[in-house]
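*Asks:* My structure file entry11.cif, mmCIF, C-alpha atoms, is below:
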data_model
loop_
_atom_site.label_atom_id
_atom_site.label_comp_id
_atom_site.auth_asym_id
_atom_site.auth_seq_id
_atom_site.Cartn_x
_atom_site.Cartn_y
_atom_site.Cartn_z
CA MET A 1 0.00 0.00 0.00
CA ALA A 2 2.26 2.74 -1.24
CA THR A 3 1.37 6.36 -0.98
CA VAL A 4 1.81 8.30 -4.15
CA SER A 5 3.41 11.69 -4.04
CA SER A 6 2.41 14.08 -6.76
CA ALA A 7 5.43 16.30 -6.26
CA PRO A 8 7.95 16.18 -9.09
CA ALA A 9 10.94 13.97 -8.42
CA PRO A 10 14.10 15.80 -7.43
CA GLY A 11 16.58 16.17 -10.23
CA MET A 12 13.84 16.56 -12.81
CA HIS A 13 14.31 19.45 -15.14
CA GLN A 14 12.69 20.79 -18.23
CA ILE A 15 14.08 19.76 -21.56
CA ASP A 16 13.40 21.48 -24.83
CA LEU A 17 12.11 18.67 -27.02
CA SER A 18 13.06 20.41 -30.24
CA LYS A 19 16.73 20.25 -29.25
CA LEU A 20 16.80 16.46 -29.02
CA ASN A 21 17.65 14.28 -31.97
CA LEU A 22 15.47 11.46 -33.23
CA GLN A 23 17.28 8.76 -31.30
CA GLN A 24 16.95 10.63 -28.03
CA LEU A 25 13.28 11.28 -28.72
CA ALA A 26 12.68 7.62 -29.41
CA GLN A 27 14.42 6.70 -26.18
CA LEU A 28 12.34 9.21 -24.25
CA LYS A 29 9.19 7.86 -25.84
CA GLN A 30 10.09 4.34 -24.86
CA GLN A 31 10.76 5.43 -21.30
CA LEU A 32 7.40 7.17 -21.15
CA ASP A 33 5.68 4.10 -22.55
CA GLN A 34 7.17 2.09 -19.75
CA GLU A 35 6.15 4.58 -17.09
CA MET A 36 2.64 4.74 -18.44
CA SER A 37 2.28 0.97 -18.35
CA VAL A 38 3.47 1.02 -14.73
CA PHE A 39 0.72 3.52 -13.98
CA GLN A 40 -1.82 1.32 -15.70
CA ASP A 41 -0.73 -1.65 -13.61
CA SER A 42 -0.89 0.32 -10.37
CA LEU A 43 -4.29 1.64 -11.29
CA HIS A 44 -5.50 -1.87 -11.91
CA THR A 45 -4.12 -3.12 -8.59
CA LEU A 46 -5.75 -0.23 -6.76
CA LYS A 47 -9.03 -0.94 -8.51
CA VAL A 48 -8.91 -4.52 -7.25
CA ALA A 49 -8.10 -3.36 -3.72
CA GLN A 50 -10.91 -0.83 -3.86
CA GLY A 51 -13.33 -3.54 -4.93
CA LYS A 52 -12.29 -5.77 -2.04
CA PHE A 53 -12.73 -3.03 0.54
CA MET A 54 -16.12 -2.11 -0.90
CA GLU A 55 -17.24 -5.73 -0.81
CA SER A 56 -16.13 -6.10 2.81
CA GLY A 57 -17.93 -2.88 3.67
CA GLU A 58 -21.14 -4.22 2.15
CA CYS A 59 -20.79 -7.44 4.10
CA VAL A 60 -20.47 -5.52 7.35
CA GLU A 61 -23.65 -3.63 6.46
CA LYS A 62 -25.49 -6.95 6.36
CA MET A 63 -24.34 -7.91 9.86
CA THR A 64 -27.34 -6.74 11.86
CA PRO A 65 -28.30 -7.87 15.38
CA GLU A 66 -31.08 -9.94 13.82
CA CYS A 67 -28.42 -12.20 12.34
CA LYS A 68 -27.57 -13.57 15.77
CA GLY A 69 -27.96 -17.32 16.01
CA LYS A 70 -28.69 -17.72 12.32
CA SER A 71 -27.05 -20.68 10.70
CA ILE A 72 -24.38 -20.24 8.08
CA LEU A 73 -22.02 -22.49 6.18
CA VAL A 74 -18.44 -21.93 7.13
CA PRO A 75 -15.83 -22.70 4.47
CA LEU A 76 -13.14 -24.96 5.91
CA THR A 77 -11.37 -25.19 2.59
CA GLY A 78 -12.25 -23.78 -0.76
CA SER A 79 -14.52 -26.72 -1.47
CA MET A 80 -15.72 -27.93 1.94
CA TYR A 81 -18.26 -26.28 4.23
CA ILE A 82 -19.58 -27.09 7.68
CA PRO A 83 -22.73 -25.65 9.27
CA GLY A 84 -22.31 -23.09 12.01
CA SER A 85 -24.23 -20.28 13.64
CA ILE A 86 -23.36 -16.66 14.20
CA ALA A 87 -22.59 -16.14 17.87
CA ASP A 88 -21.42 -12.54 17.86
CA THR A 89 -22.97 -9.91 15.63
CA GLU A 90 -21.41 -6.92 17.34
CA ASN A 91 -17.75 -7.53 16.62
CA VAL A 92 -15.68 -8.47 13.60
CA LEU A 93 -11.99 -9.17 13.11
CA ILE A 94 -10.30 -7.07 10.46
CA ASP A 95 -7.01 -7.73 8.75
CA ILE A 96 -5.17 -4.44 9.12
CA GLY A 97 -2.00 -5.61 7.39
CA THR A 98 1.35 -7.28 8.19
CA GLY A 99 -0.45 -10.17 9.85
CA TYR A 100 -2.27 -8.14 12.46
CA TYR A 101 -6.00 -8.52 13.01
CA ALA A 102 -7.98 -6.09 15.11
CA GLN A 103 -11.38 -6.61 16.68
CA LYS A 104 -13.79 -3.84 15.87
CA ASP A 105 -17.49 -3.29 16.43
CA ILE A 106 -19.77 -2.94 13.43
CA ALA A 107 -19.66 0.86 13.42
CA GLY A 108 -15.87 0.80 13.67
CA ALA A 109 -15.61 -1.73 10.85
CA LYS A 110 -17.88 0.35 8.62
CA ASP A 111 -15.75 3.38 9.35
CA TYR A 112 -12.57 1.38 8.64
CA PHE A 113 -13.71 0.25 5.20
CA LYS A 114 -15.04 3.67 4.36
CA ARG A 115 -11.66 5.17 5.20
CA LYS A 116 -9.80 2.54 3.22
CA VAL A 117 -11.96 3.04 0.15
CA ALA A 118 -11.44 6.81 0.42
CA PHE A 119 -7.69 6.32 0.75
CA VAL A 120 -7.45 4.03 -2.26
CA THR A 121 -9.68 6.29 -4.32
CA GLU A 122 -7.46 9.24 -3.46
CA GLN A 123 -4.36 7.34 -4.60
CA MET A 124 -6.13 6.40 -7.82
CA GLU A 125 -6.97 10.04 -8.51
CA LYS A 126 -3.34 10.99 -8.03
CA ILE A 127 -2.15 8.29 -10.40
CA LYS A 128 -4.75 9.25 -12.96
CA ALA A 129 -3.57 12.86 -12.86
CA LEU A 130 0.02 11.72 -13.29
CA GLY A 131 -1.03 9.49 -16.18
CA VAL A 132 -2.73 12.39 -17.94
CA GLU A 133 0.42 14.46 -17.51
CA LYS A 134 2.57 11.68 -18.95
CA SER A 135 0.29 11.11 -21.91
CA LYS A 136 0.47 14.82 -22.71
CA VAL A 137 4.27 14.64 -22.81
CA HIS A 138 3.98 11.43 -24.82
CA LYS A 139 1.84 13.17 -27.40
CA ALA A 140 4.24 16.09 -27.60
CA ILE A 141 7.15 13.72 -28.20
CA CYS A 142 5.26 11.83 -30.90
CA MET A 143 4.50 15.11 -32.63
CA MET A 144 8.10 16.18 -32.42
CA ILE A 145 9.26 12.88 -33.92
CA GLU A 146 6.78 13.32 -36.75
CA MET A 147 8.01 16.85 -37.41
CA LYS A 148 11.65 15.80 -37.38
CA LEU A 149 10.95 12.93 -39.75
CA GLN A 150 9.13 15.20 -42.16
CA ALA A 151 11.93 17.76 -42.01
CA GLN A 152 14.39 15.01 -42.77
CA MET A 153 12.38 13.84 -45.74
CA GLN A 154 12.12 17.38 -47.05
CA ALA A 155 15.86 17.79 -46.70
CA ALA A 156 16.49 14.53 -48.54
CA LYS A 157 14.67 15.67 -51.69
CA PRO A 158 14.97 19.41 -51.93
CA SER A 159 14.46 19.66 -55.69
CA THR A 160 10.98 18.17 -55.98
CA SER A 161 8.99 21.33 -55.64
CA MET B 1 48.04 -0.62 -29.11
CA ALA B 2 44.55 -0.46 -30.53
CA GLU B 3 43.92 -4.08 -29.64
CA GLU B 4 45.03 -3.47 -26.09
CA ILE B 5 42.57 -0.64 -25.69
CA GLN B 6 39.83 -2.69 -27.23
CA LYS B 7 40.48 -5.48 -24.75
CA LYS B 8 40.41 -3.00 -21.91
CA MET B 9 37.13 -1.59 -23.15
CA GLN B 10 35.64 -5.04 -23.32
CA LYS B 11 36.60 -5.64 -19.71
CA GLU B 12 35.22 -2.30 -18.57
CA LEU B 13 31.98 -2.96 -20.40
CA GLU B 14 31.61 -6.27 -18.62
CA VAL B 15 32.13 -4.60 -15.26
CA LEU B 16 29.63 -1.92 -16.18
CA GLY B 17 27.08 -4.55 -17.12
CA SER B 18 27.39 -6.36 -13.83
CA ILE B 19 27.13 -3.10 -11.90
CA GLN B 20 24.02 -2.13 -13.84
CA LYS B 21 22.52 -5.48 -12.96
CA GLU B 22 23.32 -4.98 -9.30
CA PHE B 23 21.90 -1.47 -9.52
CA ARG B 24 18.56 -2.70 -10.83
CA LYS B 25 18.45 -5.31 -8.09
CA ALA B 26 19.17 -2.69 -5.42
CA VAL B 27 16.42 -0.43 -6.75
CA ALA B 28 13.91 -3.28 -6.72
CA GLN B 29 14.90 -4.12 -3.17
CA LYS B 30 14.45 -0.52 -2.11
CA GLN B 31 11.00 -0.42 -3.66
CA GLN B 32 10.04 -3.51 -1.72
CA LEU B 33 11.29 -1.97 1.52
CA ASP B 34 9.35 1.18 0.74
CA SER B 35 6.12 -0.70 0.31
CA GLN B 36 6.77 -2.63 3.54
CA LEU B 37 7.32 0.60 5.39
CA ASN B 38 4.09 1.99 3.99
CA GLU B 39 2.16 -1.07 5.05
CA ASN B 40 3.59 -0.88 8.54
CA LYS B 41 2.73 2.80 8.69
CA ALA B 42 -0.88 2.02 7.82
CA VAL B 43 -1.00 -0.72 10.46
CA LYS B 44 0.42 1.56 13.11
CA GLU B 45 -2.12 4.26 12.32
CA GLU B 46 -4.83 1.66 12.62
CA LEU B 47 -3.49 0.37 15.93
CA LEU B 48 -3.35 3.88 17.33
CA LEU B 49 -6.97 4.40 16.32
CA LEU B 50 -8.11 1.37 18.33
CA LYS B 51 -9.61 1.67 21.77
CA LYS B 52 -7.39 0.75 24.70
CA ASP B 53 -9.28 -2.46 25.42
CA ALA B 54 -9.59 -3.58 21.81
CA GLU B 55 -8.46 -7.11 21.06
CA VAL B 56 -5.60 -7.53 18.64
CA TYR B 57 -4.52 -10.79 17.07
CA LYS B 58 -1.46 -11.70 15.10
CA LEU B 59 -1.50 -14.27 12.34
CA ILE B 60 1.23 -16.82 13.04
CA GLY B 61 1.11 -19.53 10.45
CA PRO B 62 -2.54 -20.55 10.20
CA VAL B 63 -3.59 -19.47 13.70
CA LEU B 64 -4.51 -16.14 15.20
CA VAL B 65 -2.72 -15.43 18.45
CA LYS B 66 -4.02 -12.81 20.80
CA GLN B 67 -1.63 -9.93 21.36
CA ASP B 68 -1.36 -7.06 23.73
CA LEU B 69 -2.22 -3.81 21.95
CA GLU B 70 0.68 -2.01 23.57
CA GLU B 71 3.07 -4.76 22.57
CA ALA B 72 1.76 -4.87 19.02
CA THR B 73 2.20 -1.11 18.62
CA GLN B 74 5.73 -1.33 19.96
CA ASN B 75 6.48 -4.21 17.63
CA VAL B 76 5.27 -2.32 14.59
CA THR B 77 7.21 0.79 15.61
CA LYS B 78 10.36 -1.26 16.04
CA ARG B 79 9.84 -2.87 12.66
CA MET B 80 9.37 0.55 11.07
CA GLU B 81 12.64 1.72 12.58
CA TYR B 82 14.38 -1.36 11.26
CA ILE B 83 12.94 -0.93 7.77
CA SER B 84 13.85 2.77 7.75
CA LYS B 85 17.44 1.83 8.56
CA GLU B 86 17.40 -0.76 5.81
CA ILE B 87 16.08 1.83 3.36
CA LYS B 88 18.89 4.19 4.31
CA ARG B 89 21.38 1.42 3.72
CA ALA B 90 19.80 0.62 0.36
CA ASP B 91 19.95 4.31 -0.58
CA ASP B 92 23.64 4.48 0.23
CA HIS B 93 24.22 1.32 -1.76
CA ILE B 94 22.33 2.73 -4.73
CA SER B 95 24.20 6.03 -4.74
CA ALA B 96 27.53 4.21 -4.44
CA LEU B 97 26.60 2.09 -7.44
CA GLU B 98 25.57 5.22 -9.31
CA ASN B 99 28.96 6.79 -8.69
CA LYS B 100 30.72 3.63 -9.83
CA GLN B 101 28.63 3.59 -12.99
CA GLU B 102 29.46 7.17 -13.78
CA ALA B 103 33.17 6.65 -13.24
CA LEU B 104 33.13 3.61 -15.48
CA GLN B 105 31.22 5.41 -18.18
CA GLU B 106 33.71 8.26 -18.11
CA ASN B 107 36.56 5.81 -18.35
CA LEU B 108 34.90 4.15 -21.30
CA THR B 109 34.46 7.41 -23.17
CA LYS B 110 38.13 8.18 -22.61
CA LEU B 111 39.15 4.78 -23.94
CA LYS B 112 36.89 5.22 -26.92
CA ASN B 113 38.44 8.60 -27.71
CA ASN B 114 41.92 7.12 -27.43
CA LEU B 115 40.97 4.31 -29.73
CA ASN B 116 39.55 6.71 -32.29
CA LYS B 117 42.71 8.81 -32.16
CA ILE B 118 44.90 5.79 -32.74
CA LYS B 119 42.69 4.64 -35.57
CA ALA B 120 42.81 8.09 -37.15
CA LYS B 121 46.59 8.05 -37.03
CA ALA B 122 46.92 4.59 -38.52
#
Please go through the file and, once you have read it, give me the structure as structure tokens.
*Replies:*
Amino acid sequence: MATVSSAPAPGMHQIDLSKLNLQQLAQLKQQLDQEMSVFQDSLHTLKVAQGKFMESGECVEKMTPECKGKSILVPLTGSMYIPGSIADTENVLIDIGTGYYAQKDIAGAKDYFKRKVAFVTEQMEKIKALGVEKSKVHKAICMMIEMKLQAQMQAAKPSTS
Amino acid sequence: MAEEIQKKMQKELEVLGSIQKEFRKAVAQKQQLDSQLNENKAVKEELLLLKKDAEVYKLIGPVLVKQDLEEATQNVTKRMEYISKEIKRADDHISALENKQEALQENLTKLKNNLNKIKAKA
């Protein structure tokens, strides 16, 4: 669960694209492609995490005091269930990371999942903004490559016009 | 003379390659440490939010073992300190490798220039 900082990395500086040659531009484009795919991956992972937190939150919503004593099937393995009944509807155990589980009451659990969803959503927004920024630069580089190529072609056959 | 330089360049290139490999490994390791630190941070925040009498369990193998909240918080804090130290070490390692890479690259450019000069003379 990494936090994303939207501040520019130290050591970053502006480069005039028109001063780079084709090879450098291609290299830059490749680098950007890579970065953008990393963003896509992170976004996907966050989406999955968000879904899980939302699902858990919905499950907690369904845990009402009326559920007490109701029978459920408890999965022992992925394919084997045994009947059981709900003894405690007030408290749930939540995995808070690094192997720690904390007991929370229903209100606390709801709050926990709400916070987690908000956190993940916030990170997603940040990554999306970064992605937009990168794709803008990507477009600019593509345009510059196009321009350079055309200029080269023009230079190669100057007597056609 | 030219052959000698070429041999030297070959050697330097090999060294550079291995250092680059090590560099990538170090960066990956640092990223892993970073994510561990972040997870621990989130856990600590969560532990601090809990009520004093809240029950905390730790997953050891397949079983949940009850833990003292105080102890758990201390444990996480200690782990964060340890990871922070490890990150610092990784950072130092990375910058050392960076310096080595730069020095090697400079050396290589010099060798290349020498080689070109000799070739131009011949």
*Asks:* List as a list in words: which residues have an atom within 6 Å of (-19.0, -4.6, 6.2), counting all atoms listed in the file?
*Replies:* Ser56, Gly57, Glu58, Cys59, Val60, Glu61 and Lys110 of chain A
*Asks:* Which of these residues is nearest to A:Leu43, using all atoms listed in the file: A:Thr64, A:Gln123, A:Ser71, A:Gln30?
*Replies:*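 That would be A:Gln123, the residue with the smallest distance to A:Leu43.
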*Asks:* Excluding A:Glu90 and its own-chain neighbours fewer than 4 positions away, which residues fall within 8 Å of it when counting all atoms listed in the file? Please give them as a PyMOL selection string.
*Replies:* chain A and resi 65+105-106
*Asks:* Separation of atom CA of A:Val92 and atom CA of A:Thr121, in Å?
*Replies:* 24.0 Å
*Asks:* Mind dumping a table of every chain B residue within 7 Å of chain A, with the nearest atom pair and its distance in Å to one decimal, using only C-alpha atoms, sorted by chain and rising number, as CSV?
*Replies:*
residue,atom,partner,partner_atom,distance
B:Ser35,CA,A:Ala2,CA,5.4
B:Asn38,CA,A:Ala2,CA,5.6
B:Glu39,CA,A:Met1,CA,5.6
B:Asn40,CA,A:Thr98,CA,6.8
B:Val43,CA,A:Ile96,CA,5.7
B:Ala54,CA,A:Gln103,CA,6.2
B:Glu55,CA,A:Gln103,CA,5.3
B:Val56,CA,A:Ala102,CA,4.5
B:Tyr57,CA,A:Tyr101,CA,4.9
B:Lys58,CA,A:Tyr100,CA,4.5
B:Leu59,CA,A:Gly99,CA,4.9
*Asks:* Pick the closest to A:Lys68 from A:Asp41, A:Asp88, A:Glu133, A:Asp111: which is it, counting all atoms listed in the file?
*Replies:*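 Under the stated criterion, the closest residue is A:Asp88.
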*Asks:* Residues near B:Gln31, anyone? I mean within 10 Å using all atoms listed in the file, not counting same-chain ones fewer than 6 positions away, as a PDB file with C-alpha atoms, keeping the file's coordinate frame.
*Replies:*
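Wrote it out as around_12.pdb, contents follow:
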ATOM      1  CA  ALA A   2       2.260   2.740  -1.240  1.00  0.00           C
TER       2      ALA A   2
ATOM      3  CA  LYS B  25      18.450  -5.310  -8.090  1.00  0.00           C
ATOM      4  CA  LEU B  37       7.320   0.600   5.390  1.00  0.00           C
ATOM      5  CA  ILE B  87      16.080   1.830   3.360  1.00  0.00           C
ATOM      6  CA  ALA B  90      19.800   0.620   0.360  1.00  0.00           C
TER       7      ALA B  90
END
